[in-house]
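S.K.: Submitted below is the structure of interest, expressed as structure tokens.
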Amino acid sequence: MYGSYTGRSRTRGRAAGLRTTGTAAALGAALLLAGCSGDGDGGEKKSAPTVEQQPKDKDPYWVNPDGNAARQVAAYSEDGDEKNAELIRKIAQQPVGEWIGPDNPENEVKGVTEAAAAADRDALLVLYNIPHRDCGQFSKGGASDGNAYRAWLDSVAKGIGDRSATVILEPDALLHLVDGCTPQEFHEERYDLLKGAIQRLKQQPATKVYLDAGNAGWQSPDALFQPLQRAGIAEADGFSLNVSNFQTTAVSTEFGKKLSEKIGNKPFVIDTSRNGNGPYTGGDPAESWCNPPGRALGEAPTTQTGDERVDAYLWIKRPGESDGDCKGGPKAGAWWPEYALGLAGATK
């Protein structure tokens, strides 16, 4: 059904991605900050991958010392492959979004936010569990119904507590209402869930919420501003653009400003994780979003964007994780070191 649509965000698979490490990794993160972790198979303890935090004034978000990229750096270094270790370090040393799983979200979020607070940094969380998610495509799933989603969201908020967190709320969820992917019978409920999610999360005293608004290649500001208003953007801190996509930062900024003007000059954040070479223009246009070759890392995460309307450049999509089983990739969300090396190697 969706193969004919181009320019889509196609977040795809983050639900299956870092969640492979699950709550245990989140709860263990604070211990990793102390310099040790298990080797994953019950063997002797090994030193945690060496990952330092970025300067707080430039980038206040937490770098997970036990992320997939950090572990890949450690593995390459252990094998004596310093060339590849250095390439993957370009990813490992930057903060990326923590995509929260469906099971035990309170403990998972608590683990992440406590680890971030221990490092004097803010947590960057991505919530991707809306019912009827991704229209039954690679990232299908989500909460079973509206009540289950509200309960899950409440647990997320409790896990955040009074610690500092920035939340990217439901990539693709609003856009799938606009482009007709989500059946009409679910529209009213989804708008209610998104608006309710913003209201619940904003009860946490140090939480910022950015409602996802797709990317510059998918729909227009004129098609988006009323749905954003209906979904409660007025109560959010802003909106997010380009999650898991490849639109350039310049194009995303221009698009974001046009949209911002229609919704009270709300600020926005841009996912720059893989947009260094812009969108892929080869092959089947219907699959340009899925593991496109020749892409590169974009601007490093920072809150110093030089534009008062752009709150931050963020790596919301986790570079090196597959978009799906296309172009030789593994299942959606799985760590794919060869693709990670390609991104890092193409980065100037």
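Chains: A, B, ... in order of the structure tokens. Residues: from 1 per chain. Ligands: from 1, in order shown.
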Excluding A:Lys266 and residues on its chain fewer than 5 positions from it, collect all residues at most 8 Å away from it, counting only C-alpha atoms, and give them as a PyMOL selection string.
M.R.: chain A and resi 237-239+260-261+309
S.K.: What lies within 10 Å of A:Gln72 using only C-alpha atoms, ignoring chain neighbours under 2 positions off, as an mmCIF file with all heavy atoms, in the first residue's frame?
M.R.:
```cif
data_model
loop_
_atom_site.group_PDB
_atom_site.id
_atom_site.type_symbol
_atom_site.label_atom_id
_atom_site.label_comp_id
_atom_site.auth_asym_id
_atom_site.auth_seq_id
_atom_site.Cartn_x
_atom_site.Cartn_y
_atom_site.Cartn_z
ATOM 1 N N PRO A 49 33.163 0.587 27.583
ATOM 2 C CA PRO A 49 33.689 1.346 26.453
ATOM 3 C C PRO A 49 33.970 2.787 26.867
ATOM 4 O O PRO A 49 33.181 3.394 27.593
ATOM 5 C CB PRO A 49 32.555 1.259 25.424
ATOM 6 C CG PRO A 49 31.809 0.019 25.791
ATOM 7 C CD PRO A 49 31.899 -0.086 27.274
ATOM 8 N N ASP A 66 27.132 2.669 27.070
ATOM 9 C CA ASP A 66 26.890 1.261 26.769
ATOM 10 C C ASP A 66 26.022 1.096 25.522
ATOM 11 O O ASP A 66 25.371 0.077 25.341
ATOM 12 C CB ASP A 66 26.201 0.590 27.969
ATOM 13 C CG ASP A 66 26.249 -0.929 27.891
ATOM 14 O OD1 ASP A 66 27.257 -1.456 27.404
ATOM 15 O OD2 ASP A 66 25.273 -1.570 28.317
ATOM 16 N N GLY A 67 26.019 2.102 24.648
ATOM 17 C CA GLY A 67 25.244 2.006 23.422
ATOM 18 C C GLY A 67 25.866 1.049 22.421
ATOM 19 O O GLY A 67 27.010 0.597 22.574
ATOM 20 N N ASN A 68 25.119 0.725 21.377
ATOM 21 C CA ASN A 68 25.622 -0.208 20.363
ATOM 22 C C ASN A 68 26.927 0.256 19.741
ATOM 23 O O ASN A 68 27.846 -0.535 19.511
ATOM 24 C CB ASN A 68 24.569 -0.375 19.257
ATOM 25 C CG ASN A 68 23.393 -1.216 19.696
ATOM 26 O OD1 ASN A 68 23.514 -2.040 20.590
ATOM 27 N ND2 ASN A 68 22.248 -1.005 19.071
ATOM 28 N N ALA A 69 27.021 1.553 19.447
ATOM 29 C CA ALA A 69 28.240 2.064 18.815
ATOM 30 C C ALA A 69 29.426 1.976 19.770
ATOM 31 O O ALA A 69 30.543 1.619 19.362
ATOM 32 C CB ALA A 69 28.027 3.504 18.359
ATOM 33 N N ALA A 70 29.198 2.295 21.038
ATOM 34 C CA ALA A 70 30.285 2.204 22.015
ATOM 35 C C ALA A 70 30.788 0.781 22.155
ATOM 36 O O ALA A 70 31.999 0.531 22.248
ATOM 37 C CB ALA A 70 29.814 2.746 23.368
ATOM 38 N N ALA A 74 34.542 -0.859 21.257
ATOM 39 C CA ALA A 74 35.298 -1.737 22.154
ATOM 40 C C ALA A 74 35.666 -3.047 21.467
ATOM 41 O O ALA A 74 36.779 -3.557 21.622
ATOM 42 C CB ALA A 74 34.483 -2.004 23.417
ATOM 43 N N ALA A 75 34.738 -3.585 20.674
ATOM 44 C CA ALA A 75 34.998 -4.853 19.985
ATOM 45 C C ALA A 75 36.093 -4.694 18.937
ATOM 46 O O ALA A 75 37.004 -5.539 18.836
ATOM 47 C CB ALA A 75 33.711 -5.357 19.341
ATOM 48 N N TYR A 76 36.021 -3.624 18.148
ATOM 49 C CA TYR A 76 37.065 -3.392 17.144
ATOM 50 C C TYR A 76 38.425 -3.180 17.813
ATOM 51 O O TYR A 76 39.448 -3.690 17.348
ATOM 52 C CB TYR A 76 36.720 -2.180 16.280
ATOM 53 C CG TYR A 76 35.701 -2.438 15.190
ATOM 54 C CD1 TYR A 76 34.713 -1.492 14.899
ATOM 55 C CD2 TYR A 76 35.732 -3.600 14.433
ATOM 56 C CE1 TYR A 76 33.779 -1.710 13.890
ATOM 57 C CE2 TYR A 76 34.801 -3.839 13.427
ATOM 58 C CZ TYR A 76 33.831 -2.890 13.159
ATOM 59 O OH TYR A 76 32.914 -3.112 12.167
ATOM 60 N N SER A 77 38.431 -2.414 18.900
ATOM 61 C CA SER A 77 39.693 -2.146 19.597
ATOM 62 C C SER A 77 40.290 -3.430 20.154
ATOM 63 O O SER A 77 41.507 -3.654 20.084
ATOM 64 C CB SER A 77 39.468 -1.139 20.724
ATOM 65 O OG SER A 77 39.094 0.116 20.204
ATOM 66 N N GLU A 78 39.428 -4.280 20.702
ATOM 67 C CA GLU A 78 39.903 -5.552 21.250
ATOM 68 C C GLU A 78 40.508 -6.429 20.161
ATOM 69 O O GLU A 78 41.461 -7.175 20.399
ATOM 70 C CB GLU A 78 38.745 -6.280 21.935
ATOM 71 C CG GLU A 78 39.158 -7.562 22.646
ATOM 72 C CD GLU A 78 38.005 -8.198 23.401
ATOM 73 O OE1 GLU A 78 36.971 -7.518 23.600
ATOM 74 O OE2 GLU A 78 38.143 -9.371 23.787
ATOM 75 N N ASN A 84 38.745 0.944 12.047
ATOM 76 C CA ASN A 84 37.298 0.895 12.139
ATOM 77 C C ASN A 84 36.791 1.389 13.488
ATOM 78 O O ASN A 84 35.713 1.986 13.577
ATOM 79 C CB ASN A 84 36.788 -0.515 11.863
ATOM 80 C CG ASN A 84 36.783 -0.836 10.380
ATOM 81 O OD1 ASN A 84 36.795 0.050 9.531
ATOM 82 N ND2 ASN A 84 36.787 -2.129 10.052
ATOM 83 N N ALA A 85 37.579 1.144 14.539
ATOM 84 C CA ALA A 85 37.186 1.650 15.860
ATOM 85 C C ALA A 85 37.101 3.167 15.835
ATOM 86 O O ALA A 85 36.180 3.771 16.404
ATOM 87 C CB ALA A 85 38.181 1.194 16.918
ATOM 88 N N ILE A 88 33.811 4.270 13.958
ATOM 89 C CA ILE A 88 32.595 4.104 14.750
ATOM 90 C C ILE A 88 32.588 5.037 15.956
ATOM 91 O O ILE A 88 31.525 5.424 16.444
ATOM 92 C CB ILE A 88 32.423 2.638 15.185
ATOM 93 C CG1 ILE A 88 32.306 1.734 13.957
ATOM 94 C CG2 ILE A 88 31.171 2.474 16.057
ATOM 95 C CD1 ILE A 88 31.128 2.056 13.055
ATOM 96 N N ARG A 89 33.755 5.446 16.396
ATOM 97 C CA ARG A 89 33.818 6.390 17.516
ATOM 98 C C ARG A 89 33.130 7.713 17.160
ATOM 99 O O ARG A 89 32.649 8.430 18.035
ATOM 100 C CB ARG A 89 35.268 6.615 17.932
ATOM 101 C CG ARG A 89 35.412 7.356 19.271
ATOM 102 C CD ARG A 89 36.844 7.356 19.778
ATOM 103 N NE ARG A 89 37.213 6.073 20.345
ATOM 104 C CZ ARG A 89 38.105 5.240 19.834
ATOM 105 N NH1 ARG A 89 38.745 5.564 18.705
ATOM 106 N NH2 ARG A 89 38.386 4.109 20.431
ATOM 107 N N ALA A 92 29.782 6.825 18.403
ATOM 108 C CA ALA A 92 29.713 6.482 19.825
ATOM 109 C C ALA A 92 29.876 7.690 20.742
ATOM 110 O O ALA A 92 29.331 7.716 21.845
ATOM 111 C CB ALA A 92 30.774 5.434 20.154
ATOM 112 N N TRP A 335 21.306 -3.455 14.913
ATOM 113 C CA TRP A 335 22.606 -2.818 14.706
ATOM 114 C C TRP A 335 23.282 -3.454 13.502
ATOM 115 O O TRP A 335 23.363 -4.671 13.377
ATOM 116 C CB TRP A 335 23.465 -2.960 15.952
ATOM 117 C CG TRP A 335 24.882 -2.485 15.794
ATOM 118 C CD1 TRP A 335 26.003 -3.256 15.767
ATOM 119 C CD2 TRP A 335 25.321 -1.122 15.654
ATOM 120 N NE1 TRP A 335 27.127 -2.465 15.619
ATOM 121 C CE2 TRP A 335 26.738 -1.152 15.541
ATOM 122 C CE3 TRP A 335 24.672 0.105 15.602
ATOM 123 C CZ2 TRP A 335 27.506 -0.006 15.390
ATOM 124 C CZ3 TRP A 335 25.437 1.253 15.451
ATOM 125 C CH2 TRP A 335 26.836 1.190 15.353
ATOM 126 N N PRO A 337 26.804 -2.985 11.663
ATOM 127 C CA PRO A 337 28.104 -2.298 11.696
ATOM 128 C C PRO A 337 28.602 -1.867 10.328
ATOM 129 O O PRO A 337 29.258 -0.833 10.204
ATOM 130 C CB PRO A 337 29.039 -3.321 12.353
ATOM 131 C CG PRO A 337 28.344 -4.633 12.259
ATOM 132 C CD PRO A 337 26.884 -4.333 12.280
ATOM 133 N N ALA A 340 26.973 1.354 9.560
ATOM 134 C CA ALA A 340 27.542 2.376 10.441
ATOM 135 C C ALA A 340 28.908 2.842 9.920
ATOM 136 O O ALA A 340 29.212 4.033 9.906
ATOM 137 C CB ALA A 340 27.679 1.841 11.859
#
```
S.K.: Can you tell me, as a PyMOL selection string, what residues are no more than 9 Å from A:Pro60 when counting only C-alpha atoms, ignoring any on the same chain fewer than 4 positions away?
M.R.: chain A and resi 53-56+120-123+302-303
S.K.: Using only C-alpha atoms, find the one residue out of A:Val73, A:Ala117, A:Ala296, A:Leu228 that sits nearest to A:Gly342.
M.R.: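 Of A:Val73, A:Ala117, A:Ala296, A:Leu228, the one nearest A:Gly342 is A:Ala296, counting only C-alpha atoms.
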S.K.: From a backbone DSSP assignment, name each residue in stretch 208-303 of chain A labelled helix (DSSP H, G or I), as a VMD selection string.
M.R.: chain A and resid 221 to 230 233 to 235 249 to 261 285 to 287
S.K.: Find the distance between atom CA of A:Arg163 and atom CA of A:Ile198 and write it in Å to one decimal.
M.R.: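 We find that atom CA of A:Arg163 and atom CA of A:Ile198 lie 16.8 Å from each other.
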S.K.: Give me, please, the distance in Å between atom CA of A:Asn245 and atom CA of A:Arg295, quoted to one decimal.
M.R.: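 Separation of atom CA of A:Asn245 and atom CA of A:Arg295: 10.6 Å.
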S.K.: Could you check how far atom CA of A:Thr207 sits from atom CA of A:Asp271, in Å to one decimal?
M.R.: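 Atom-to-atom, atom CA of A:Thr207 to atom CA of A:Asp271, that is 18.9 Å.
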S.K.: Determine which residues of stretch 112-348 of chain A receive a DSSP assignment of strand (DSSP E or B), computed from the backbone, and state them as a PyMOL selection string.
M.R.: chain A and resi 122-127+133+141+165-169+207-212+238-241+268-271+275+296+302+310-314+321+335
S.K.: Do a neighbour search on A:Tyr149 at 8 Å with only C-alpha atoms, toss out local chain neighbours closer than 5 positions, and write the hits as a ChimeraX atom specification.
M.R.: /A:129-131,143-144,193
S.K.: Limited to N, CA, C and O atoms, could you put the picked residues into a file as a PDB file, in the first residue's frame?
M.R.:
```pdb
ATOM      1  N   ASN A 129       5.067   4.325  20.539  1.00  0.00           N
ATOM      2  CA  ASN A 129       4.244   3.198  20.964  1.00  0.00           C
ATOM      3  C   ASN A 129       2.758   3.446  20.710  1.00  0.00           C
ATOM      4  O   ASN A 129       1.913   2.811  21.315  1.00  0.00           O
ATOM      5  N   ILE A 130       2.446   4.380  19.818  1.00  0.00           N
ATOM      6  CA  ILE A 130       1.056   4.727  19.534  1.00  0.00           C
ATOM      7  C   ILE A 130       0.322   3.513  18.955  1.00  0.00           C
ATOM      8  O   ILE A 130       0.908   2.743  18.190  1.00  0.00           O
ATOM      9  N   PRO A 131      -0.940   3.286  19.319  1.00  0.00           N
ATOM     10  CA  PRO A 131      -1.673   2.173  18.703  1.00  0.00           C
ATOM     11  C   PRO A 131      -1.721   2.297  17.178  1.00  0.00           C
ATOM     12  O   PRO A 131      -1.767   3.395  16.637  1.00  0.00           O
ATOM     13  N   ALA A 143       0.941   0.147  21.353  1.00  0.00           N
ATOM     14  CA  ALA A 143       0.027  -0.272  22.406  1.00  0.00           C
ATOM     15  C   ALA A 143      -1.229  -0.895  21.807  1.00  0.00           C
ATOM     16  O   ALA A 143      -1.645  -0.559  20.697  1.00  0.00           O
ATOM     17  N   SER A 144      -1.849  -1.785  22.561  1.00  0.00           N
ATOM     18  CA  SER A 144      -2.996  -2.523  22.046  1.00  0.00           C
ATOM     19  C   SER A 144      -4.218  -1.646  21.837  1.00  0.00           C
ATOM     20  O   SER A 144      -5.030  -1.902  20.941  1.00  0.00           O
ATOM     21  N   LEU A 193      -4.996  10.998  21.928  1.00  0.00           N
ATOM     22  CA  LEU A 193      -3.840  10.402  22.599  1.00  0.00           C
ATOM     23  C   LEU A 193      -2.620  11.318  22.537  1.00  0.00           C
ATOM     24  O   LEU A 193      -1.882  11.455  23.522  1.00  0.00           O
TER      25      LEU A 193
END
```
S.K.: Point out the residue among A:Thr166, A:Gln199, A:Asn215, A:Asn64 with the least atom-to-atom distance to A:Leu259, counting only C-alpha atoms.
M.R.: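 Nearest candidate to A:Leu259 out of A:Thr166, A:Gln199, A:Asn215, A:Asn64: A:Asn215.
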S.K.: Taking 5 positions as the minimum chain separation for residues in the same chain, which residues sit within 9 Å of stretch 255-257 of chain A when counting only C-alpha atoms? Answer as a VMD selection string.
M.R.: chain A and resid 215 to 216 220 to 221 239 to 241 250 262 265 to 270 309 to 310
